[in-house]
$ cat work-v3.cif   # mmCIF, C-alpha atoms
data_start
loop_
_atom_site.label_atom_id
_atom_site.label_comp_id
_atom_site.auth_asym_id
_atom_site.auth_seq_id
_atom_site.Cartn_x
_atom_site.Cartn_y
_atom_site.Cartn_z
CA MET A 1 0.57 20.24 7.37
CA ARG A 2 3.51 20.76 9.68
CA THR A 3 6.92 20.77 8.03
CA LEU A 4 9.73 18.70 9.48
CA PHE A 5 12.10 20.79 11.56
CA SER A 6 15.81 20.21 11.00
CA THR A 7 15.95 19.31 14.69
CA ASP A 8 13.23 16.63 14.41
CA CYS A 9 15.76 13.97 13.60
CA VAL A 10 18.16 11.27 14.70
CA ILE A 11 21.77 12.09 13.85
CA THR A 12 24.62 9.76 12.99
CA ASP A 13 28.15 11.14 12.97
CA ARG A 14 31.75 10.09 12.51
CA ALA A 15 34.28 11.84 14.74
CA GLY A 16 31.74 14.57 15.39
CA VAL A 17 31.07 15.21 11.71
CA VAL A 18 27.36 14.84 10.95
CA GLU A 19 26.93 12.17 8.31
CA ASN A 20 23.14 11.73 8.26
CA ARG A 21 20.04 13.36 9.67
CA HIS A 22 17.09 10.99 9.73
CA GLY A 23 13.78 12.84 10.00
CA VAL A 24 11.39 11.68 12.74
CA HIS A 25 7.61 11.99 12.98
CA ALA A 26 5.65 10.75 15.98
CA ALA A 27 2.15 10.95 17.40
CA ILE A 28 1.19 10.09 20.99
CA VAL A 29 -2.54 9.81 21.66
CA ASP A 30 -4.80 8.46 24.37
CA ALA A 31 -7.70 6.03 24.04
CA ARG A 32 -10.09 8.90 23.32
CA GLY A 33 -7.94 9.84 20.36
CA ARG A 34 -6.60 13.06 21.89
CA LEU A 35 -3.23 14.04 20.47
CA LEU A 36 -1.09 14.68 23.56
CA PHE A 37 2.47 14.84 22.22
CA ALA A 38 4.17 14.95 18.84
CA VAL A 39 7.42 15.05 16.92
CA GLY A 40 7.58 16.43 13.40
CA ASP A 41 4.25 16.00 11.60
CA PRO A 42 1.84 13.75 13.56
CA SER A 43 -0.59 13.89 10.63
CA ARG A 44 1.86 12.60 8.03
CA ILE A 45 0.03 10.15 5.77
CA THR A 46 1.78 6.88 6.56
CA LEU A 47 1.57 3.39 5.15
CA ALA A 48 1.26 1.21 8.23
CA ARG A 49 2.69 -1.83 6.45
CA SER A 50 3.21 -4.63 8.99
CA ALA A 51 2.35 -2.34 11.90
CA ALA A 52 -1.25 -3.00 10.81
CA LYS A 53 -0.97 -6.73 11.53
CA PRO A 54 -2.65 -6.61 14.97
CA ALA A 55 -5.76 -5.13 13.31
CA GLN A 56 -5.65 -7.77 10.59
CA ALA A 57 -5.28 -10.51 13.23
CA LEU A 58 -8.19 -9.01 15.15
CA VAL A 59 -10.47 -9.62 12.17
CA ILE A 60 -9.18 -13.18 11.79
CA TYR A 61 -10.09 -13.75 15.44
CA GLU A 62 -13.53 -12.18 14.98
CA THR A 63 -14.38 -14.62 12.16
CA GLY A 64 -14.31 -17.42 14.74
CA ALA A 65 -11.42 -19.11 12.95
CA LEU A 66 -9.42 -19.83 16.12
CA GLN A 67 -12.30 -21.74 17.69
CA LYS A 68 -13.30 -23.44 14.45
CA PHE A 69 -9.81 -24.78 13.73
CA ASN A 70 -8.57 -25.25 17.32
CA LEU A 71 -5.92 -22.51 17.06
CA ASP A 72 -4.43 -20.94 20.18
CA ASP A 73 -2.94 -17.67 21.45
CA ALA A 74 0.52 -18.57 20.17
CA ASP A 75 -0.95 -19.04 16.69
CA LEU A 76 -2.62 -15.64 17.02
CA ALA A 77 0.72 -14.09 17.98
CA LEU A 78 2.30 -15.50 14.82
CA MET A 79 -0.53 -13.96 12.79
CA CYS A 80 0.67 -10.58 14.13
CA ALA A 81 4.29 -11.33 13.29
CA SER A 82 7.02 -10.13 11.02
CA HIS A 83 8.95 -13.16 12.13
CA SER A 84 12.60 -14.06 11.70
CA SER A 85 11.98 -17.40 9.91
CA GLU A 86 13.37 -19.28 12.88
CA ASP A 87 12.43 -22.95 13.19
CA ARG A 88 9.73 -22.19 15.77
CA HIS A 89 8.09 -19.73 13.36
CA ILE A 90 8.11 -22.05 10.37
CA THR A 91 6.91 -25.02 12.42
CA ARG A 92 3.97 -23.04 13.80
CA ALA A 93 3.04 -21.63 10.38
CA ARG A 94 3.02 -25.16 8.96
CA ASN A 95 0.90 -26.37 11.89
CA ILE A 96 -1.67 -23.64 11.26
CA LEU A 97 -1.87 -24.65 7.62
CA SER A 98 -2.31 -28.28 8.62
CA LYS A 99 -5.09 -27.50 11.10
CA ILE A 100 -7.05 -25.51 8.53
CA GLN A 101 -6.43 -28.15 5.85
CA CYS A 102 -4.50 -25.84 3.57
CA SER A 103 -1.05 -26.25 2.05
CA GLU A 104 1.90 -23.98 1.42
CA GLU A 105 0.73 -23.71 -2.19
CA ASP A 106 -2.32 -21.79 -0.93
CA LEU A 107 -0.14 -18.98 0.46
CA GLN A 108 -0.17 -15.86 -1.70
CA CYS A 109 3.03 -14.41 -0.17
CA GLY A 110 6.45 -14.82 -1.76
CA PRO A 111 9.78 -15.93 -0.29
CA HIS A 112 12.61 -13.57 0.63
CA PRO A 113 15.85 -13.52 2.67
CA ALA A 114 15.29 -13.98 6.39
CA ILE A 115 15.16 -10.91 8.62
CA SER A 116 17.52 -12.72 10.99
CA ASP A 117 21.15 -12.50 9.90
CA PHE A 118 21.84 -15.79 11.69
CA VAL A 119 19.06 -17.61 9.84
CA ASN A 120 19.98 -16.02 6.54
CA ARG A 121 23.62 -17.08 6.87
CA SER A 122 22.55 -20.64 7.64
CA TRP A 123 20.43 -20.66 4.48
CA ILE A 124 23.34 -19.43 2.39
CA LYS A 125 25.68 -22.08 3.84
CA ALA A 126 23.12 -24.78 3.07
CA ASP A 127 22.40 -23.38 -0.41
CA PHE A 128 18.76 -23.24 0.71
CA THR A 129 16.12 -21.44 -1.34
CA PRO A 130 13.20 -20.31 0.85
CA THR A 131 9.60 -20.96 -0.13
CA PRO A 132 6.50 -18.89 0.78
CA VAL A 133 6.08 -20.42 4.26
CA TYR A 134 9.46 -18.87 5.15
CA SER A 135 8.13 -15.37 4.43
CA ASN A 136 8.14 -13.20 7.56
CA CYS A 137 4.41 -12.74 6.89
CA SER A 138 3.52 -16.43 6.58
CA GLY A 139 1.71 -16.41 9.94
CA LYS A 140 -0.54 -13.57 8.79
CA HIS A 141 -1.24 -15.29 5.49
CA ALA A 142 -2.02 -18.61 7.18
CA GLY A 143 -4.35 -16.68 9.48
CA MET A 144 -6.03 -15.00 6.52
CA LEU A 145 -6.63 -18.41 4.98
CA ALA A 146 -8.18 -19.56 8.27
CA GLY A 147 -10.42 -16.50 8.46
CA THR A 148 -11.46 -16.84 4.83
CA LYS A 149 -12.41 -20.49 5.34
CA ALA A 150 -14.34 -19.58 8.50
CA LEU A 151 -16.34 -17.07 6.45
CA GLY A 152 -16.95 -19.59 3.70
CA ALA A 153 -15.30 -17.25 1.18
CA ASP A 154 -13.07 -18.06 -1.78
CA VAL A 155 -9.69 -19.22 -0.49
CA GLY A 156 -7.98 -18.64 -3.81
CA THR A 157 -8.63 -14.89 -3.68
CA TYR A 158 -8.16 -14.29 0.06
CA HIS A 159 -5.46 -11.71 -0.71
CA LEU A 160 -7.57 -9.50 -2.97
CA SER A 161 -9.26 -6.35 -1.69
CA THR A 162 -12.64 -7.57 -2.95
CA ASN A 163 -12.56 -10.78 -0.90
CA PRO A 164 -14.95 -10.72 2.09
CA MET A 165 -11.97 -11.26 4.41
CA GLN A 166 -10.23 -8.09 3.19
CA VAL A 167 -13.49 -6.13 3.16
CA ARG A 168 -13.86 -6.94 6.85
CA VAL A 169 -10.27 -5.92 7.56
CA ARG A 170 -10.80 -2.56 5.90
CA GLN A 171 -13.99 -1.96 7.85
CA ALA A 172 -12.32 -2.87 11.14
CA VAL A 173 -9.31 -0.61 10.51
CA ASP A 174 -11.62 2.35 9.86
CA GLU A 175 -13.65 1.54 12.98
CA ILE A 176 -10.61 1.21 15.25
CA CYS A 177 -9.10 4.44 13.90
CA HIS A 178 -12.50 6.19 14.09
CA LEU A 179 -12.41 6.92 10.37
CA GLU A 180 -15.68 5.22 9.44
CA ALA A 181 -17.73 8.41 9.80
CA LYS A 182 -15.19 10.73 8.17
CA ALA A 183 -14.67 11.69 4.56
CA ASN A 184 -10.97 10.85 4.79
CA ARG A 185 -11.10 7.11 5.30
CA SER A 186 -8.04 4.92 5.13
CA LEU A 187 -6.23 4.58 1.83
CA TRP A 188 -5.08 1.15 0.72
CA GLY A 189 -2.11 -0.15 -1.23
CA VAL A 190 -0.58 -3.60 -1.65
CA ASP A 191 2.11 -4.57 0.85
CA GLY A 192 5.37 -6.36 0.07
CA CYS A 193 3.75 -9.67 1.06
CA ASN A 194 0.90 -9.23 -1.45
CA LEU A 195 -1.89 -8.29 0.98
CA PRO A 196 -3.74 -4.96 1.17
CA ALA A 197 -2.18 -2.50 3.64
CA PRO A 198 -3.70 0.74 5.00
CA ALA A 199 -2.42 4.31 4.96
CA PHE A 200 -3.74 7.12 7.14
CA PRO A 201 -2.48 10.04 9.24
CA LEU A 202 0.19 8.89 11.69
CA HIS A 203 -2.00 9.75 14.67
CA CYS A 204 -4.48 7.13 13.43
CA LEU A 205 -1.85 4.44 13.82
CA ALA A 206 -1.24 5.69 17.36
CA ARG A 207 -4.97 5.57 18.06
CA MET A 208 -5.14 2.02 16.74
CA TYR A 209 -2.57 0.90 19.30
CA ALA A 210 -4.22 2.92 22.07
CA VAL A 211 -7.49 1.11 21.31
CA PHE A 212 -5.80 -2.31 21.58
CA ALA A 213 -4.18 -1.39 24.89
CA ASP A 214 -7.40 0.12 26.21
CA GLY A 215 -9.35 -3.01 25.29
CA ALA A 216 -6.85 -5.08 27.27
CA SER A 217 -7.04 -2.68 30.23
CA GLN A 218 -10.85 -2.69 30.25
CA VAL A 219 -11.16 -6.47 30.05
CA GLU A 220 -8.54 -7.11 32.73
CA SER A 221 -10.21 -4.66 35.12
CA ASN A 222 -13.64 -6.23 34.48
CA ALA A 223 -14.97 -2.83 33.47
CA ALA A 224 -18.71 -2.50 33.00
CA GLY A 225 -19.97 -2.51 29.44
CA THR A 226 -17.19 -4.66 28.01
CA THR A 227 -18.06 -5.49 24.40
CA PRO A 228 -17.11 -8.44 22.17
CA ARG A 229 -14.80 -6.10 20.24
CA MET A 230 -13.03 -5.12 23.47
CA ARG A 231 -12.57 -8.78 24.35
CA ALA A 232 -11.16 -9.45 20.88
CA LEU A 233 -8.77 -6.49 21.18
CA SER A 234 -7.65 -7.80 24.56
CA LYS A 235 -7.12 -11.27 23.08
CA VAL A 236 -4.74 -9.93 20.43
CA PHE A 237 -2.89 -7.75 22.97
CA HIS A 238 -2.50 -10.73 25.31
CA ALA A 239 -1.25 -13.02 22.52
CA MET A 240 1.42 -10.56 21.42
CA SER A 241 2.61 -9.68 24.91
CA THR A 242 2.64 -13.32 26.03
CA TYR A 243 4.52 -14.64 23.00
CA PRO A 244 6.86 -11.81 21.94
CA GLU A 245 9.36 -14.31 20.54
CA LEU A 246 6.77 -15.32 17.93
CA VAL A 247 5.97 -11.72 16.94
CA ALA A 248 9.60 -11.08 15.90
CA GLY A 249 12.46 -13.32 17.09
CA ASP A 250 15.85 -13.49 18.75
CA ASP A 251 17.60 -10.13 19.19
CA ARG A 252 14.72 -8.22 17.57
CA PHE A 253 13.45 -4.90 18.95
CA CYS A 254 9.76 -5.93 19.09
CA THR A 255 10.56 -9.03 21.09
CA GLU A 256 12.89 -7.27 23.52
CA LEU A 257 10.44 -4.39 24.02
CA MET A 258 7.53 -6.64 24.95
CA ARG A 259 9.67 -8.91 27.10
CA SER A 260 11.07 -6.02 29.09
CA PHE A 261 7.64 -4.44 29.70
CA LYS A 262 6.18 -7.73 30.97
CA GLY A 263 2.70 -7.67 29.50
CA LEU A 264 2.07 -3.93 29.79
CA VAL A 265 3.01 -2.99 26.23
CA ILE A 266 2.71 -4.29 22.69
CA GLY A 267 4.95 -3.05 19.88
CA LYS A 268 5.03 -3.85 16.18
CA ILE A 269 7.29 -2.74 13.38
CA GLY A 270 6.15 -1.86 9.88
CA ALA A 271 8.43 -1.95 6.85
CA ASP A 272 10.14 1.24 5.71
CA GLY A 273 10.36 2.77 9.12
CA CYS A 274 7.05 2.91 10.97
CA TYR A 275 6.21 1.59 14.42
CA GLY A 276 3.18 1.25 16.70
CA ILE A 277 3.09 0.86 20.49
CA GLY A 278 0.14 0.33 22.81
CA VAL A 279 0.59 1.00 26.54
CA LYS A 280 -2.00 -0.21 29.03
CA GLN A 281 -3.50 2.28 31.45
CA THR A 282 -0.89 2.72 34.17
CA GLU A 283 0.56 5.38 36.40
CA TRP A 284 2.89 6.22 33.49
CA THR A 285 -0.02 7.00 31.16
CA ARG A 286 -1.90 8.96 33.81
CA LYS A 287 1.13 11.16 34.47
CA LEU A 288 1.13 12.05 30.77
CA GLY A 289 -2.48 13.21 30.97
CA ALA A 290 -3.93 10.26 29.08
CA GLU A 291 -7.50 9.14 29.57
CA GLY A 292 -7.24 5.38 29.40
CA ALA A 293 -4.42 3.69 27.54
CA LEU A 294 -1.77 5.32 25.36
CA GLY A 295 -0.80 4.81 21.74
CA ILE A 296 2.49 5.81 20.11
CA ALA A 297 3.22 5.84 16.38
CA VAL A 298 6.58 6.68 14.86
CA LYS A 299 7.68 7.13 11.24
CA ILE A 300 11.26 7.62 10.06
CA GLU A 301 11.22 9.72 6.91
CA ASP A 302 13.90 7.74 5.07
CA GLY A 303 12.67 4.32 6.26
CA ASN A 304 15.83 3.36 8.18
CA ILE A 305 14.94 0.49 10.55
CA GLN A 306 17.92 0.81 12.90
CA ILE A 307 17.15 4.50 13.31
CA LEU A 308 13.50 3.64 13.92
CA SER A 309 14.37 1.45 16.92
CA SER A 310 16.64 4.18 18.23
CA ALA A 311 13.92 6.81 17.92
CA VAL A 312 11.27 4.63 19.58
CA ALA A 313 13.58 3.91 22.53
CA GLU A 314 14.30 7.64 22.87
CA ILE A 315 10.60 8.54 22.84
CA LEU A 316 9.93 6.01 25.60
CA GLU A 317 12.79 7.59 27.54
CA GLN A 318 11.57 11.16 27.05
CA LEU A 319 8.02 10.21 28.06
CA GLN A 320 9.34 8.14 30.99
CA ILE A 321 7.19 5.17 30.07
CA GLY A 322 8.16 2.11 32.05
CA GLU A 323 10.52 1.53 34.93
CA PRO A 324 14.18 2.49 34.28
CA GLU A 325 15.23 -1.16 34.06
CA MET A 326 12.57 -1.78 31.39
CA ARG A 327 13.93 0.99 29.21
CA GLN A 328 17.51 -0.05 30.01
CA ALA A 329 16.80 -3.44 28.42
CA LEU A 330 16.56 -1.56 25.10
CA SER A 331 19.89 0.25 25.52
CA ARG A 332 21.67 -1.50 22.66
CA PHE A 333 18.98 -0.23 20.29
CA HIS A 334 18.82 3.25 21.83
CA CYS A 335 22.16 4.84 20.93
CA PRO A 336 24.07 2.31 18.82
CA ASP A 337 27.70 3.01 18.11
CA ILE A 338 28.90 3.20 14.50
CA LYS A 339 31.62 0.63 13.93
CA ASN A 340 33.86 -0.12 10.99
CA THR A 341 34.75 -3.54 9.61
CA ARG A 342 37.41 -3.98 12.31
CA GLY A 343 34.88 -3.37 15.04
CA VAL A 344 36.39 0.02 15.88
CA VAL A 345 33.89 2.63 17.09
CA THR A 346 34.01 5.43 14.51
CA GLY A 347 30.87 7.38 15.37
CA LYS A 348 27.64 7.48 17.32
CA THR A 349 23.89 7.88 17.12
CA SER A 350 22.22 10.79 18.89
CA HIS A 351 18.78 12.36 19.10
CA ALA A 352 18.18 15.97 18.11
CA PHE A 353 14.40 15.84 18.60
CA LYS A 354 12.29 16.63 21.63
CA VAL A 355 8.77 15.33 22.14
CA ARG A 356 6.58 18.42 22.32
CA THR A 357 3.32 18.86 24.19
CA VAL A 358 0.30 19.52 22.01
CA GLU A 359 -1.68 22.35 23.55
CA ASN A 360 -5.48 22.12 23.84
CA SER A 361 -5.41 18.59 22.48
CA GLU A 362 -8.61 17.39 20.88
CA ALA A 363 -9.66 14.04 19.49
CA VAL A 364 -8.25 13.72 15.96
#

$ encode --input "work-v3.cif" --output "structure tokens"
Amino acid sequence: MRTLFSTDCVITDRAGVVENRHGVHAAIVDARGRLLFAVGDPSRITLARSAAKPAQALVIYETGALQKFNLDDADLALMCASHSSEDRHITRARNILSKIQCSEEDLQCGPHPAISDFVNRSWIKADFTPTPVYSNCSGKHAGMLAGTKALGADVGTYHLSTNPMQVRVRQAVDEICHLEAKANRSLWGVDGCNLPAPAFPLHCLARMYAVFADGASQVESNAAGTTPRMRALSKVFHAMSTYPELVAGDDRFCTELMRSFKGLVIGKIGADGCYGIGVKQTEWTRKLGAEGALGIAVKIEDGNIQILSSAVAEILEQLQIGEPEMRQALSRFHCPDIKNTRGVVTGKTSHAFKVRTVENSEAV
């Protein structure tokens, strides 16, 4: 296991005095699973948390739930979301529940403050107490209910690892990450929203996103031998990239990333500082030596979310993924100033890490 170099970090300072060093790990792989570039330890065992939502939504789609209950791509995007509890998110979550003939009482997630500061302040002013449908994961949970009903399984236990819905999710995660034939399969814990969540080496998360992007690339190019799984992967990729405002919300990094890359990239945050990006096969990926699409996974050692966005933006910059104006759209996340309560700039954020080439890369 590679140790974290003191230079594999994002630094915050005040007046040039280093205040914090936030350790960074990253893995960049292609669709074959070859590790091409890395920062820190690309094999760090990482809980994917909400970065696993595209894989969970994939399984919901594969149950036939969208067709059975007349759900659309926007609904699928919300199933991938860690949303901001904006009105559009809550309305769509309620509509999904209505279409599948479930109620908010069927949701096994709990309420919490909104991710959006604007929404949260409005709740406080109104003395509003959120209920489970306001959870940032309510789209995923509504989708899980839909998938469970499509399978004819027990709705009351849809959140338990023994439920057929969760068994299918676990199988799909191992298949996408190419862990199904290995002794070291994914590990599973319980996420903050009360659903099972996988853990695996960081490069597996990168491969997951490369597989989604590659499925989208293959389907859009009408490649020979396209499989139902590839079409399902493409469906999830398309839903996320078409409706980025449903995957996160106003002023959120995920939404701005996918908007700026105009259908070529998906990106999804996971709690406590992990992130996954899938990049379709393009001239950018070919220049990096990738066969097929590219997947990027990032983990911040101390879980800092602002630092995570900064690190992801820097990795995109170092790899030169996207046109300059696409990356420029993320500038406010890239190197945020440190300000005090008067709005005075007192420090800055900088990047001490360099993405390194992995020599003689093999599938991992």

$ residues_around --input "work-v3.cif" --residues "stretch 349-351 of chain A" --least-positions-apart "5" --cutoff "8 Å" --atoms "only C-alpha atoms" --output "VMD selection string"
chain A and resid 9 to 13 311 314 335 to 338

$ closest_atom_pairs --input "work-v3.cif" --of "stretch 188-292 of chain A" --to "stretch 107-111 of chain A" --cutoff "8 Å" --atoms "all atoms listed in the file" --output "tab-separated table"
residue	atom	partner	partner_atom	distance
A:Cys193	CA	A:Cys109	CA	4.9
A:Asn194	CA	A:Cys109	CA	5.7
A:Leu195	CA	A:Cys109	CA	7.9

$ closest_residue --input "work-v3.cif" --among "A:Pro198, A:Pro54, A:Pro244, A:Pro324" --to "A:Met79" --atoms "only C-alpha atoms"
A:Pro54

$ closest_residue --input "work-v3.cif" --among "A:Cys102, A:Cys254, A:Leu316, A:Ala172" --to "A:Gly143" --atoms "only C-alpha atoms"
A:Cys102

$ closest_residue --input "work-v3.cif" --among "A:Met240, A:Ala216, A:Ile176, A:Cys274" --to "A:Arg32" --atoms "all atoms listed in the file"
A:Ile176

$ resolve_selection --input "work-v3.cif" --expression "the PyMOL selection byres ((chain A and resi 8) around 10)" --output "ChimeraX atom specification"
/A:3-7,9-11,21-26,39-41,351-355

$ decode --input "work-v3.cif" --residues "stretch 262-318 of chain A" --atoms "C-alpha atoms" --output "short mmCIF file (atom, residue, chain, number, x, y, z; two decimals), in the first residue's frame"
data_model
loop_
_atom_site.label_atom_id
_atom_site.label_comp_id
_atom_site.auth_asym_id
_atom_site.auth_seq_id
_atom_site.Cartn_x
_atom_site.Cartn_y
_atom_site.Cartn_z
CA LYS A 262 -22.36 19.51 -22.14
CA GLY A 263 -23.15 15.81 -22.07
CA LEU A 264 -19.59 14.51 -22.24
CA VAL A 265 -19.08 13.92 -18.52
CA ILE A 266 -20.97 12.73 -15.48
CA GLY A 267 -19.82 13.52 -11.94
CA LYS A 268 -21.17 12.50 -8.56
CA ILE A 269 -20.15 13.35 -5.03
CA GLY A 270 -20.06 10.90 -2.15
CA ALA A 271 -20.23 11.95 1.49
CA ASP A 272 -17.01 12.41 3.46
CA GLY A 273 -14.93 13.44 0.51
CA CYS A 274 -15.09 11.03 -2.41
CA TYR A 275 -15.97 11.75 -6.03
CA GLY A 276 -16.47 9.85 -9.29
CA ILE A 277 -16.26 11.16 -12.86
CA GLY A 278 -16.91 9.38 -16.14
CA VAL A 279 -15.58 10.94 -19.36
CA LYS A 280 -16.82 9.70 -22.74
CA GLN A 281 -14.28 8.61 -25.31
CA THR A 282 -12.95 11.83 -26.83
CA GLU A 283 -9.75 13.33 -28.13
CA TRP A 284 -8.99 14.26 -24.50
CA THR A 285 -9.13 10.63 -23.35
CA ARG A 286 -7.13 9.39 -26.33
CA LYS A 287 -4.35 11.88 -25.63
CA LEU A 288 -4.08 10.41 -22.13
CA GLY A 289 -3.57 6.93 -23.56
CA ALA A 290 -6.99 5.61 -22.60
CA GLU A 291 -8.64 2.78 -24.47
CA GLY A 292 -12.26 3.80 -24.54
CA ALA A 293 -13.70 6.10 -21.92
CA LEU A 294 -12.00 7.41 -18.78
CA GLY A 295 -12.91 7.16 -15.11
CA ILE A 296 -11.62 9.37 -12.31
CA ALA A 297 -12.06 8.74 -8.59
CA VAL A 298 -10.89 11.10 -5.86
CA LYS A 299 -10.84 10.75 -2.07
CA ILE A 300 -9.92 13.50 0.40
CA GLU A 301 -8.39 11.91 3.48
CA ASP A 302 -10.14 14.15 6.00
CA GLY A 303 -13.48 14.21 4.15
CA ASN A 304 -13.55 17.97 3.46
CA ILE A 305 -16.11 18.62 0.69
CA GLN A 306 -14.89 22.08 -0.35
CA ILE A 307 -11.37 20.69 -0.70
CA LEU A 308 -12.76 17.76 -2.69
CA SER A 309 -14.25 20.08 -5.33
CA SER A 310 -10.99 21.99 -5.46
CA ALA A 311 -8.97 18.81 -5.95
CA VAL A 312 -11.28 17.46 -8.66
CA ALA A 313 -11.10 20.74 -10.59
CA GLU A 314 -7.30 20.68 -10.33
CA ILE A 315 -7.09 17.09 -11.59
CA LEU A 316 -9.22 18.00 -14.61
CA GLU A 317 -6.86 20.93 -15.20
CA GLN A 318 -3.70 18.84 -14.90
#
